[in-house]
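S.K.: Submitted below is the structure of interest, expressed as structure tokens.
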Amino acid sequence: MIALGIETSCDDTAASIIEENGKILSNVLSSQEVFHKDFGGIVPEIASRKHSELIGYTIVEALKLSGKTMSSVDLISVTKGPGLVGSLLIGIEAAKALSFALHKPLIGVNHLEGHIYSLFLDCSPLSRVSDPFPLLVLIVSGGHTELVLMRSHLTYQVIGETRDDAAGEAVDKFARFLGFGYPGGPIVEKLGSNGNSNAYKFPGLSFKDSSPYEFSFSGLKTAGVYFIEKNPDAVRENIQDVTASFENALINILVERTLKAAHDFNVRGVGVVGGVSANERLRKTLNAKSDLPVYFPAKILSTDNASMIAFAGLMHFKRGEKDDLMLDAHSRLGL
């Protein structure tokens, strides 16, 4: 089978063609970063308008690079939520139009589920593990921080999530107060890559503060803002150490909670997905501290992409599921 994936949950317009075994034939992404950076974040109205301009070109490019045509596509898979409702609707309506006109089956996919299945694409190490379950997955991005237990394919139990800010959101806000643009996460990571991560003390999160599997980053974010305001000399003279220390504190929270859950639920391995999973310090720290196998998608598949949506859709379709033309967007869709 050949699947077309369409992803428009936020500000990137993406389309991909994959084979049933998870082999990626094309993976096209049109970034809108240049249109949003002056606003310090995503402007939903701009995002949906740009999606409507780019969606056709993106799909055509994905087909061209894969060497396929729409007649050879067996399934159309599209993100149905969570995300910005205006952005989601552009992708959904494009997918429904193609499904109707070409008589192709349609599947709506949960965006978070798509991130999980980035671990199982043909180019990812987990695709070569015959029985990875039970598997603990950390979803960590600008909008989400969750721990999900998988006992088998397409089954999910959310055992922990953030009580306030997501991890990526906290880093972006810290970067904004440092005077950097959007997105701030890659800037903080680059600056801190050569810094001393123990130079400054930022608060972590002890188990007594909340459930042992839940996260909270508002305290760390506020501490970072206060540090910037009270220590302008340190920020000016030791920016690498400041960013490294803040990033290290955030990553230690993620790693502490994840490994606690992994051992409590006696899993066989840990997967990490979402935009923040591309962070090199997170990858190194978790691999160093874990006595279980740790799986990351390729960095190009850590951020939003349509290959993961196509593959998750194929998994559902092979189980006998499909949607009709009443498929709608769900901005707050949970697993």
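In the structure tokens, chains take letters A, B, ... by order of appearance, with residues numbered from 1 within each chain and ligands from 1 in the order shown.
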DSSP on the backbone: which residues in region 17-158 of chain A end up as strand (DSSP E)? Give the answer as a ChimeraX atom specification.

M.R.: /A:17-19,24-30,75-81,106-110,135-140,145-150,157-158

S.K.: For Glu321 (chain A), work out the shell of residues within 12 Å, counting only C-alpha atoms and skipping chain neighbours fewer than 3 positions away, then give it as a list of chain:residue names.

M.R.: A:Leu75, A:Ser77, A:Pro105, A:Leu106, A:Ile107, A:Gly108, A:Val109, A:Leu154, A:Ala312, A:Gly313, A:Leu314, A:Met315, A:His316, A:Phe317, A:Lys318, A:Asp324

S.K.: A:Ala249, A:Leu286, A:Val225, A:Leu112: which is nearest Arg332 (chain A), counting only C-alpha atoms?

M.R.: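 Checking each of A:Ala249, A:Leu286, A:Val225, A:Leu112 against Arg332 (chain A), counting only C-alpha atoms, the winner is A:Leu112.
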
S.K.: Check the smallest atom-to-atom distance from each of A:His51, A:His115, A:Arg151, A:Lys64 to Ala94 (chain A) using only C-alpha atoms, then report the winner.

M.R.: A:His51

S.K.: Compile the contact shell of Pro134 (chain A) as a PyMOL selection string: residues with an atom at most 7 Å away, counting only C-alpha atoms, same-chain residues fewer than 4 positions apart removed.

M.R.: chain A and resi 150-152+267-268

S.K.: Using the chain letters and numbers from this document, which residues of region 193-328 of chain A does DSSP assign to alpha helix (DSSP H), as a count of residues only?

M.R.: 67
